[in-house]
Every structure is written in C-alpha cells, then in structure tokens.
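Here's the structure we're looking at; comments come further down.
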Amino acid sequence: MLGDVSQPSDERVSTPLREGDRRVWQRHAGDVARLVWRGALLLFLLAITAVVPSALRNASEGFVSLFLLIPDPIRFALIGIAQLAVIALPLMTLTWLLMRRTRAEAALVVGAGIAGGVVMVLLTDWLDRAAPPNQIEGISSASFISTGFPSAGLLAALVAGAAAASPLMTTAWRHVAWVGVGTAVVTRLLTATQAPVNIAVTVALGGVVGSAVLVLIGSPVRRPGAASLRSALSDAGFEVDDLRDEESHTGRRTFLGTASGRDVRIVFLDRDDRDAALLAKFLRFVRVYSVDEDSLSVNPDRRVEHEALVTLLAQQADARVPTVYAIASSEGESAVIALEVPRGTSLSEFSDDSDLPASSVDDDGLDDLWRQLETMHEARIAHRALTSENLYLDGSTATLTGLENARLVATDDQCSVDIAEILISTSLVVGADRAIASAARVVSRAELQNALAFVQPAALPSATRRAARRPKGFIDDTRAELVDTLGLEDVELAPLERISIAKVVTWIGFGVLAFFLLTLVSSWSEISEAMKGIDWNWVLPIFIATIFGTFGGALSLSGSVVRRIPLGEATVVMFGQSFLNRFTPMNAGGMAMRIRYLQKGGTDITVATAAIGLTSAASGVVQVMFIAFFFLWSSSDPASGIDTDGGGGGVAGSIVVVIIIAVLVAAVTIALTPKFRRWLVAFVRSTVGKIRQDFGELARMPSKIALLFGGAALGKFSTIVAFVFSCRAFDIDIAFAELGAMYLVATTIASTVPTPGGVGAVEAALVLILTNAGVPDATAWAAVLLFRLINYWFPTIPGYAALKISERRELV
C-alpha cells in the first residue's frame with residue numbers, strides 16, 4: 001500500500017459490479033489494433049507472393065525438403081498425432097465456450113471460423129497459382145486420415161475462430177486454442193500439401209477475419225468483476241469497501257469505489273490496452289519525430305509501476321498530483337492501480353453549453369495549473385499528456401492527473417512540449433487571451449519563447465489535436481497571439497512531422513524510379529539483344545508523329561485566349577517548354593513559360609494563368625473521350641483479337657476493371673472524407689465560375705473552341721501513333737485500336753505517380769500492359785524505350801534551341 005486513506009468522502013449510490021458480467025457488447029480498441037497488425041502482415045505476404053512467386057517457390061521447395069530428412073516412422077507418427085490434435089483441441093475449446101460463456105459468444109466464434117474458411121477457399125486458387133504445391137513432392141503419412149487434412153480452408157477457420165475466441169477466454173484456454181492452430185500449421189508443413197508461404201498467408205488471413213468479426217460485431221465488455229479487483233488489491237495490502245460500475249477516464253477503464261471511507265479511482269489495464277497502446281505508439285512514431293529519447297513499456301505491469309514511481313517523485317517535489325494507494329498484478333496479463341480521486345472538476349467539463357461556463361474558471365486556478373507544471377519541471381519531470389481531462393480545478397487550486405506517460409530526467413524540449421500542450425488545452429476552454437495571460441504571469445519569457453516552436457498539431461496529444469480542429473486554424477491563431485504577446489516577429493516551428501504529403505510524393509517517385517532502373521539494369525542484356533531486331537523504316541514516322549504532337553499543343557494554346565496567337569510563335573514556345581518540363585517538377589517550368597508568353601503578348605496575368613489551366617482541362621477531357629473511343633473501337637474491331645463475349649482477357653477487360661476501380665475508389669474517398677468532399681464541391685464551383693467569367697467570350701467563338709480541343713486531340717493522337725509505330729518497329733503485331741487503348745490506360749495509371757514527366761512510371765506501366773498482352777519482356781522494353789527516347793527525350797534538342805529563340809525574340 002502506497003498511500004493513506006483516512007479522509008471521508010461524499011456519499012454516492014453504489015452500482016454493484018457483477019463478476020463475469022456479459023450484459024453489454026461493444027467494440028474494443030485492442031481488437032482494432034490487432035486487426036491493423038494482422039492486416040499489415042497479410043498485405044505484406046500477399047504482396048511478396050504476387051511480386052516474387054518464383055523465388056517463393058524455390059524457398060518453399062528447400063524448406064519442405066528438410067522434412068524428408070526425418071525418418072519415415074517418426075514422421076508418420078508426428079503427422080498422425082498432429083491430425084488427431086487438430087480435431088480434439090478445437091472441440092475442447094468450443095465445449096469450454098459453450099459451458100462457461102453464452103451461446104451468443106460461441107456463435108460469434110463459430111461464425112468467425114466459417115467466414116475465415118469461406119474467404120480462404122475463395123483465395124486458394126490464386127495462391128496455388130502463385131506458389132503451387134505441385135512444385136513440391138508430397139510426403140505420404142501412412143495415416144488413416146488423408147494427408148490433405150487439415151485443408152487450407154479448415155486451417156483459416158481454426159485461426160479465425162482462435163482469434164475471435166482469444167479475448168473471451170482465460171489465459172490457459174487461450175493457450176489451448178493457439179496450440180491447436182500451431183498443430184494444424186505443423187501438420188500442413190509435414191504433409192507438404194501447401195507451400196509454406198501459402199500457409200503463412202492462410203494464418204494471416206484467418207487472423208484478419210477473426211479480428212474483423214470482433215471489430216464489426218463487437219464482443220462482451222471485457223472487465224474483471226468486483227471480487228477479482230478486490231482480491232488483486234487485497235494481495236497488495238489495500239482493502240476496497242465497494243466498487244461501482246465502469247467508466248472511461250482519459251481512454252482508460254476506470255472503476256470508482258471507496259476505501260476506508262474515501263473515494264478511490266481504480267484503473268484496470270490488460271492485453272487490450274497493451275495492443276492499443278502499441279499501435280498508437282507505432283502510428284505516432286511513423287507520423288512524427290518524438291522529443292522523447294526513451295520509450296515507455298506498453299506492458300500493463302510496467303505501466304502502472306511507472307505511473308506510481310512518477311507520482312511519488314512528483315509528490316516529493318511538492319506538485320499537487322493524486323496519491324497512489326496501491327498497484328497490483330491481476331490474472332490474464334493485467335494490472336490495476338488505485339488512485340486518489342482529485343478534488344474539483346476536470347477542465348474538460350467547463351463549457352458555455354453546460355452548467356459550468358468557461359467564465360466560471362478562476363484566474364487563480366489557471367495560474368495554479370501553471371505553477372504545478374513548473375514545480376514538476378523543476379524536478380525534471382515532464383507530464384506529456386496535459387489534455388483538459390487531466391487538468392482539475394477546485395477554485396484557486398489545481399491538480400494534475402494522468403501521469404502514465406510522464407518522463408523522468410526530462411529534457412528542455414519535453415518541458416517545452418508540456419507548455420505547448422497545456423497552453424492549447426486551456427485556450428480551448430477559456431480562450432487564448434486568458435490562457436496566454438495566465439502563462440505570462442507564471443512562466444518565464446524564455447520558457448514561453450522556447451515552447452513556441454512546439455505549438456503545432458504534431459506536438460500535441462491526439463485528444464487535444466482533435467479538439468483543436470474547430471475552429472479552423474485555432475492552433476496557428478493561438479501561436480500567433482503568443483508571438484504578439486512576447487513581441488516577436490515570427491517563429492520557426494520544430495521539424496516534428498516525419499510524414500507529409502510532399503515526403504510521401506517524393507518517396508513514391510523515388511520508389512518508381514528505383515524499380516524502373518533496377519528492372520532496366522537487370523534485364524539489359526536481353527533488352528539490348530531485342531533492340532538489335534529494330535525495323536529502321538519505322539523510326540522516321542515516329543519522329544514525324546512526335547513533331548505533330550508538339551504542333552497540336554501549339555494549336556491548343558492558340559485556342560485558349562480570345563486574342564490572336566501567331567501559330568509559329570506558339571510552336572516555338574511549345575518546343576521551348578518541352579525542354580523546361582524535362583528538368584522541372586510537375587511541368588512547372590513549361591507552365592511558367594507559357595503563362596509568361598501570354599502575358600508578354602498582352603493577356604492579363606490572371607487570365608493567362610487560367611488559360612493554361614484551360615488547356616490542361618481540355619487535355620483531360622480529350623483523354624477521357626479517347627479512352628471511351630478506343631475502348632469501343634477495340635471491342636468492335638475483329639482484328640483486335642479481343643474477346644468481347646466475356647471469355648476474359650484483352651485490353652477491354654483491363655480498361656473496364658481500371659475504370660470500375662477508379663470510380664469506386666473515388667466514390668469511397670469522397671463519401672468517407674467530408675473535408676475532401678467540401679473542398680471538391682467548392683473547387684468545382686469556383687472553377688466553373690472562373691471559366692464562365694474569364695472565358696465567356698471565348699465560348700462564343702467556335703474557331704477558338706475547335707483550336708483548343710482539336711489541338712489537344714491532335715497532340716494526344718499523334719503520341720498514340722508514335723507509340724504504335726514504336727511497337728511496329730519490333731514486330732509487335734497488336735491491332736492499332738488495342739495498342740491505343742493500352743497506351744491510354746497505362747498513361748492514365750502512370751499519371752498518378754509523381755515523377756517529372758512520368759519518368760519510370762510511364763515506362764513501367766507500358767511494359768506491364770504489353771507483357772500482359774503476351775509480348776515478351778525484352779521486346780516490350782525495347783519498344784517502350786524507343787518510344788520514350790524519341791517522343792519524350794528527342795524534343796529537348798530542338799526545345800533548347802526554341803528556348804533560346806524565345807528569349808532572343810523576347811517572346812518570354
């Protein structure tokens with residue numbers, strides 16, 4: 001026992017906490033965490049199965065051959081025993097569930113098992129094609145049970161059932177369930193009826209299905225009864241008089257009760273809390289750079305021990321924190337900590353919409369919050385979770401609670417993050433002006449100035465970050481007000497974000513380029529051999545088609561504004577911008593050159609910028625129309641060789657799949673992200689309004705519209721012709737319509753990869769779609785490299801000359 005419990009408390013009505021209470025079903029954070037981990041493992045296994053099937057087959061053969069070294073009598077005995085255990089252990093587990101739990105829980109487990117088996121059966125054919133078991137010599141078992149037992153479907157069912165049943169069972173029976181799963185896995189390995197990688201996929205899939213069932217349907221509330229909690233605390237020397245029903249406090253399962261006439265708060269942690277904390281820690285590690293040099297354990301026992309230690313040290317430093325009465329280990333990887341209930345009211349309960357308006361918060365109480373934090377910092381203790389739920393006010397006195405994430409021997413940065421956290425938490429309740437004024441009365445100017453760099457979302461706890469989303473820009477406005485109060489001009493934020501949109505774009509682009517280069521280098525001997533078979537008669541037509549494409553761009557530029565654009569000047573500018581686009585990200589150089597050309601010719605800068613946007617919009621419209629046109633053409637052209645009767649295959653089917661997937665992804669994204677939906681609607685409305693305003697006169701000029709869309713169509717069609725001619729140069733005998741459809745699908749997919757000019761992404765997509773149509777890899781690479789060399793890189797030569805001409809003639 002760690003504290004004294006002699007003071008009386010207010011009387012409260014007790015609600016009995018029933019042992020093994022199964023009345024309420026709910027979703028649990030631990031199930032969500034396990035679903036994420038298992039889902040990530042499954043995706044990884046499926047990815048490597050799809051990408052490197054030959055390597056997996058070789059590894060599987062080598063692994064299974066090890067079992068041939070086991071003497072036959074021993075192997076036969078092991079297989080027979082394992083097969084019997086696979087039957088007995090699941091039946092024992094299900095019997096225990098029926099006897100000790102409700103029928104609903106048993107039905108939940110059986111339903112999860114059936115779902116896992118069905119999903120696995122649907123996936124078996126693809127797995128067997130990727131890593132076929134017939135590449136491995138089967139091993140007979142001499143058992144009266146078939147060597148195919150347990151099947152892949154049954155194994156997935158066992159794993160799904162065990163995953164769904166584990167949270168409902170005691171530790172001992174949980175071990176029994178997973179021993180049954182392990183035995184089934186060993187049996188599959190010994191009988192060699194399934195490649196080892198497929199067994200791993202089966203186990204991961206079963207785990208995902210079991211966790212998904214728990215997340216979708218829920219399960220009974222997982223909590224100990226009053227007798228279990230009293231017994232655990234009693235073993236630690238702390239006697240509890242009564243316990244009331246469960247509540248959630250700062251995301252932790254908490255029980256209120258009394259001991260020696262005083263209210264106590266008992267926090268219960270188990271494996272669900274451990275898994276949820278582990279996932280949260282991992283996600284935060286991926287998202288931001290932490291100021292914490294150490295990492296706290298997620299083990300329940302270690303967590304309560306840490307909280308008790310930090311609380312005792314904070315009390316020794318005279319900080320006002322709840323007293324720890326006892327900590328104890330409980331059954332099933334769980335632990336409990338008994339804490340004093342703090343006096344007063346949590347800051348989160350103050351609101352203008354409640355009986356406790358924000359104006360009732362005492363300034364002396366706010367000042368005392370800062371004093372308590374300063375006291376902890378002087379002892380080099382950082383709180384690290386200063387949400388409004390952990391800040392208690394009782395008139396002019398304050399108490400800091402929730403020390404489970406506190407850090408000892410705190411660094412200056414950790415203390416600065418504390419100041420940023422409590423500043424935002426108090427500002428959300430009483431307003432930034434009062435919160436900053438209170439901080440300025442207690443905290444030194446130097447400390448506030450150091451904390452400014454951490455007044456940003458990445459430094460805040462998730463609960464505070466969510467609360468600060470509305471009003472929009474609240475954190476930025478609070479930081480700006482603190483900057484004004486301190487008389488500073490600006491502040492440089494600490495670089496905390498590990499992942500940003502810009503970094504993700506860079507990583508994707510780098511990954512695509514790396515994949516392209518590695519593939520090119522590893523297959524260069526075959527590609528160079530294929531390139532020797534080039535038919536040079538097609539090279540000149542490719543050059544001509546490329547030049548026509550640039551001319552089409554000039555026509556489209558001429559049609560984007562009302563005033564007359566000399567076609568010769570526009571062609572020179574388009575060649576010049578093609579040079580700049582090869583060496584600037586997102587075609588920024590070429591766009592800037594075209595805008596400058598229009599502006600120099602007398603077009604207003606706003607209209608010029610919108611005109612370039614209009615040419616891009618016209619190109620997008622033509623792309624969609626061409627996809628539909630070539631799809632219909634290739635589907636109806638007898639020479640295309642495409643099966644339109646549903647027999648499968650062909651580019652038509654690929655286009656349908658791509659379009660359906662794209663539409664579904666877009667629909668789901670728009671439906672599930674209200675913020676993005678609002679932005680999209682606003683963007684479409686503003687764009688339409690701008691077009692109507694800036695190009696109303698243009699729309700009444702048919703010749704300009706013809707130039708705008710006709711030029712875009714000529715440029716697009718010329719590029720398709722250049723691609724077809726490149727394929728003909730290597731005797732790729734696929735119909736023109738099908739090659740056109742293939743090119744449009746490949747470039748549409750590649751356009752989502754953020755590399756300059758689609759370098760790497762376009763090549764990889766074109767090679768993939770050609771090889772999918774039966775073209776040998778080396779031949780596909782040779783055709784694509786020829787196409788890109790002439791159509792993409794050749795224009796840089798006349799483009800450089802055109803750029804110099806544009807500068808000399810002052811076109812830009």
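Chain identifiers are assigned as A, B, and so on, following the order in which chains appear in the structure tokens; residues are numbered from 1 within each chain, and ligands are numbered from 1 in order of appearance.
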
Point to revise | Test item: residues at most 10 Å from stretch 161-163 of chain A, only C-alpha atoms, excluding those fewer than 4 positions along its chain, as a ChimeraX atom specification | key: /A:31,34-35,90,93-94,106,108-117,155-157,167-169,174-181,206-214

Next, write the just-selected residues to a file, as a compact mmCIF listing (two decimals), in the first residue's frame, keeping N, CA and C atoms as the atom set.
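Result saved to again.txt:
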# COMPACT_ATOMS: atom_id res chain seq x y z
N ASP A 31 -9.02 -4.91 -30.20
CA ASP A 31 -9.39 -5.66 -31.40
C ASP A 31 -9.04 -4.88 -32.65
N ARG A 34 -5.26 -5.14 -33.13
CA ARG A 34 -4.84 -6.44 -33.67
C ARG A 34 -5.26 -6.61 -35.13
N LEU A 35 -6.41 -6.05 -35.51
CA LEU A 35 -6.83 -6.10 -36.91
C LEU A 35 -5.83 -5.36 -37.79
N PRO A 90 -9.71 -28.02 -30.97
CA PRO A 90 -10.82 -27.10 -31.25
C PRO A 90 -12.13 -27.52 -30.61
N THR A 93 -12.00 -26.55 -26.99
CA THR A 93 -12.16 -25.10 -26.84
C THR A 93 -13.61 -24.69 -27.01
N LEU A 94 -14.26 -25.22 -28.03
CA LEU A 94 -15.67 -24.88 -28.27
C LEU A 94 -16.56 -25.37 -27.13
N ALA A 106 -20.33 -18.17 -28.27
CA ALA A 106 -19.94 -19.36 -29.02
C ALA A 106 -20.31 -19.21 -30.50
N LEU A 108 -20.52 -16.41 -32.09
CA LEU A 108 -19.58 -15.44 -32.65
C LEU A 108 -18.30 -16.13 -33.12
N VAL A 109 -17.78 -17.04 -32.29
CA VAL A 109 -16.54 -17.74 -32.62
C VAL A 109 -16.75 -18.67 -33.81
N VAL A 110 -17.85 -19.42 -33.80
CA VAL A 110 -18.13 -20.33 -34.92
C VAL A 110 -18.33 -19.54 -36.22
N GLY A 111 -19.05 -18.41 -36.12
CA GLY A 111 -19.26 -17.58 -37.30
C GLY A 111 -17.97 -17.03 -37.87
N ALA A 112 -17.06 -16.63 -36.97
CA ALA A 112 -15.75 -16.15 -37.43
C ALA A 112 -15.00 -17.26 -38.15
N GLY A 113 -15.06 -18.48 -37.61
CA GLY A 113 -14.38 -19.61 -38.25
C GLY A 113 -14.94 -19.90 -39.62
N ILE A 114 -16.27 -19.88 -39.75
CA ILE A 114 -16.89 -20.13 -41.06
C ILE A 114 -16.47 -19.05 -42.06
N ALA A 115 -16.49 -17.80 -41.61
CA ALA A 115 -16.10 -16.70 -42.50
C ALA A 115 -14.66 -16.85 -42.96
N GLY A 116 -13.75 -17.20 -42.03
CA GLY A 116 -12.36 -17.40 -42.39
C GLY A 116 -12.18 -18.52 -43.40
N GLY A 117 -12.90 -19.64 -43.21
CA GLY A 117 -12.80 -20.76 -44.14
C GLY A 117 -13.31 -20.41 -45.52
N LEU A 155 -7.78 -24.71 -41.88
CA LEU A 155 -6.75 -24.01 -41.13
C LEU A 155 -7.13 -22.54 -40.93
N ALA A 156 -7.61 -21.89 -42.00
CA ALA A 156 -8.04 -20.49 -41.87
C ALA A 156 -9.21 -20.37 -40.90
N ALA A 157 -10.11 -21.35 -40.93
CA ALA A 157 -11.24 -21.33 -40.00
C ALA A 157 -10.77 -21.46 -38.55
N PRO A 167 -9.93 -13.22 -26.87
CA PRO A 167 -10.27 -12.22 -25.85
C PRO A 167 -11.35 -12.68 -24.87
N LEU A 168 -12.05 -13.76 -25.21
CA LEU A 168 -13.16 -14.21 -24.38
C LEU A 168 -12.73 -15.28 -23.38
N MET A 169 -11.50 -15.77 -23.49
CA MET A 169 -11.08 -16.92 -22.71
C MET A 169 -10.03 -16.56 -21.68
N ARG A 174 -6.79 -19.91 -23.72
CA ARG A 174 -6.29 -19.20 -24.90
C ARG A 174 -5.08 -19.95 -25.46
N HIS A 175 -4.22 -20.42 -24.55
CA HIS A 175 -3.06 -21.19 -24.99
C HIS A 175 -3.48 -22.49 -25.67
N VAL A 176 -4.53 -23.13 -25.15
CA VAL A 176 -5.03 -24.36 -25.76
C VAL A 176 -5.47 -24.10 -27.20
N ALA A 177 -6.21 -22.99 -27.41
CA ALA A 177 -6.71 -22.67 -28.75
C ALA A 177 -5.57 -22.45 -29.73
N TRP A 178 -4.55 -21.71 -29.30
CA TRP A 178 -3.45 -21.43 -30.22
C TRP A 178 -2.52 -22.62 -30.40
N VAL A 179 -2.45 -23.49 -29.41
CA VAL A 179 -1.71 -24.74 -29.62
C VAL A 179 -2.38 -25.57 -30.71
N GLY A 180 -3.71 -25.57 -30.73
CA GLY A 180 -4.43 -26.26 -31.80
C GLY A 180 -4.11 -25.69 -33.16
N VAL A 181 -4.03 -24.35 -33.24
CA VAL A 181 -3.67 -23.71 -34.52
C VAL A 181 -2.25 -24.09 -34.91
N GLY A 206 -6.71 -15.82 -41.68
CA GLY A 206 -7.61 -16.22 -40.61
C GLY A 206 -7.59 -15.24 -39.45
N GLY A 207 -6.40 -14.75 -39.09
CA GLY A 207 -6.31 -13.75 -38.02
C GLY A 207 -7.04 -12.48 -38.37
N VAL A 208 -6.92 -12.02 -39.62
CA VAL A 208 -7.62 -10.81 -40.06
C VAL A 208 -9.13 -10.99 -39.98
N VAL A 209 -9.61 -12.13 -40.47
CA VAL A 209 -11.07 -12.37 -40.44
C VAL A 209 -11.59 -12.42 -39.01
N GLY A 210 -10.88 -13.13 -38.12
CA GLY A 210 -11.31 -13.21 -36.72
C GLY A 210 -11.35 -11.83 -36.07
N SER A 211 -10.32 -11.03 -36.27
CA SER A 211 -10.29 -9.68 -35.70
C SER A 211 -11.37 -8.81 -36.32
N ALA A 212 -11.58 -8.95 -37.64
CA ALA A 212 -12.59 -8.14 -38.32
C ALA A 212 -13.99 -8.44 -37.78
N VAL A 213 -14.26 -9.70 -37.49
CA VAL A 213 -15.57 -10.07 -36.92
C VAL A 213 -15.76 -9.38 -35.56
N LEU A 214 -14.73 -9.39 -34.73
CA LEU A 214 -14.82 -8.73 -33.42
C LEU A 214 -15.02 -7.23 -33.57

Practice item. Check the DSSP output for the backbone and give back, as a list of chain:residue names, the residues of stretch 145-181 of chain A in helix (DSSP H, G or I). Key: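 Those in stretch 145-181 of chain A that DSSP calls helix (DSSP H, G or I) are A:Ala152, A:Gly153, A:Leu154, A:Leu155, A:Ala156, A:Ala157, A:Leu158, A:Val159, A:Ala160, A:Gly161, A:Ala162, A:Ala163, A:Ala164, A:Ala165, A:Ser166, A:Pro167, A:Leu168, A:Thr171, A:Ala172, A:Trp173, A:Arg174, A:His175, A:Val176, A:Ala177, A:Trp178, A:Val179, A:Gly180, A:Val181.
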
Next, the residues of the selection above should be written as a PDB file, in the first residue's frame with C-alpha atoms.
ATOM      1  CA  ALA A 152      -6.317 -24.642 -46.158  1.00  0.00           C
ATOM      2  CA  GLY A 153      -9.928 -23.641 -45.548  1.00  0.00           C
ATOM      3  CA  LEU A 154     -10.052 -25.510 -42.249  1.00  0.00           C
ATOM      4  CA  LEU A 155      -6.745 -24.005 -41.127  1.00  0.00           C
ATOM      5  CA  ALA A 156      -8.044 -20.492 -41.869  1.00  0.00           C
ATOM      6  CA  ALA A 157     -11.243 -21.329 -39.995  1.00  0.00           C
ATOM      7  CA  LEU A 158      -9.255 -22.522 -36.971  1.00  0.00           C
ATOM      8  CA  VAL A 159      -7.152 -19.353 -36.933  1.00  0.00           C
ATOM      9  CA  ALA A 160     -10.196 -17.084 -37.341  1.00  0.00           C
ATOM     10  CA  GLY A 161     -12.020 -18.904 -34.553  1.00  0.00           C
ATOM     11  CA  ALA A 162      -8.992 -18.722 -32.251  1.00  0.00           C
ATOM     12  CA  ALA A 163      -8.544 -15.011 -32.990  1.00  0.00           C
ATOM     13  CA  ALA A 164     -12.203 -14.324 -32.177  1.00  0.00           C
ATOM     14  CA  ALA A 165     -12.204 -16.550 -29.090  1.00  0.00           C
ATOM     15  CA  SER A 166      -8.916 -15.404 -27.517  1.00  0.00           C
ATOM     16  CA  PRO A 167     -10.269 -12.222 -25.855  1.00  0.00           C
ATOM     17  CA  LEU A 168     -13.157 -14.211 -24.376  1.00  0.00           C
ATOM     18  CA  THR A 171      -5.049 -17.414 -20.376  1.00  0.00           C
ATOM     19  CA  ALA A 172      -4.862 -21.201 -20.093  1.00  0.00           C
ATOM     20  CA  TRP A 173      -7.653 -21.863 -22.569  1.00  0.00           C
ATOM     21  CA  ARG A 174      -6.291 -19.205 -24.901  1.00  0.00           C
ATOM     22  CA  HIS A 175      -3.060 -21.189 -24.989  1.00  0.00           C
ATOM     23  CA  VAL A 176      -5.027 -24.363 -25.764  1.00  0.00           C
ATOM     24  CA  ALA A 177      -6.712 -22.668 -28.748  1.00  0.00           C
ATOM     25  CA  TRP A 178      -3.453 -21.427 -30.222  1.00  0.00           C
ATOM     26  CA  VAL A 179      -1.705 -24.743 -29.617  1.00  0.00           C
ATOM     27  CA  GLY A 180      -4.435 -26.259 -31.798  1.00  0.00           C
ATOM     28  CA  VAL A 181      -3.674 -23.707 -34.515  1.00  0.00           C
TER      29      VAL A 181
END

Practice item. Go through A:Leu811, A:Val759, A:Leu770, A:Val341 and flag the residue nearest A:Val264, using only C-alpha atoms for the distances. Key: A:Val341

Practice item. Pick out the residues sitting within 10 Å of A:Leu714, and hand them over as a ChimeraX atom specification; count only C-alpha atoms, and ignore anything fewer than 6 positions along from it in its own chain. Key: /A:545,548-553,555-556,622,707,720

Check your understanding: Do you have the atom CA of A:Ser416-atom CA of A:Val455 distance handy?
Key -> 9.1 Å

Identify, with DSSP run on backbone atoms, the residues in stretch 396-540 of chain A assigned to strand (DSSP E), and express the list as an mmCIF file with N, CA and C atoms, in the first residue's frame.
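Here's the written file part-v1.cif:
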data_model
loop_
_atom_site.group_PDB
_atom_site.id
_atom_site.type_symbol
_atom_site.label_atom_id
_atom_site.label_comp_id
_atom_site.auth_asym_id
_atom_site.auth_seq_id
_atom_site.Cartn_x
_atom_site.Cartn_y
_atom_site.Cartn_z
ATOM 1 N N THR A 397 -7.190 26.350 -6.617
ATOM 2 C CA THR A 397 -6.157 25.311 -6.573
ATOM 3 C C THR A 397 -6.334 24.347 -7.739
ATOM 4 N N ALA A 398 -5.241 23.766 -8.171
ATOM 5 C CA ALA A 398 -5.260 22.878 -9.335
ATOM 6 C C ALA A 398 -4.531 21.582 -9.023
ATOM 7 N N THR A 399 -4.934 20.518 -9.737
ATOM 8 C CA THR A 399 -4.309 19.205 -9.605
ATOM 9 C C THR A 399 -4.037 18.662 -10.996
ATOM 10 N N LEU A 400 -2.863 18.081 -11.184
ATOM 11 C CA LEU A 400 -2.514 17.450 -12.452
ATOM 12 C C LEU A 400 -2.638 15.937 -12.301
ATOM 13 N N ARG A 407 7.651 11.643 -18.115
ATOM 14 C CA ARG A 407 9.055 11.287 -18.317
ATOM 15 C C ARG A 407 9.895 11.852 -17.183
ATOM 16 N N LEU A 408 10.809 11.026 -16.683
ATOM 17 C CA LEU A 408 11.768 11.462 -15.678
ATOM 18 C C LEU A 408 13.036 11.953 -16.374
#
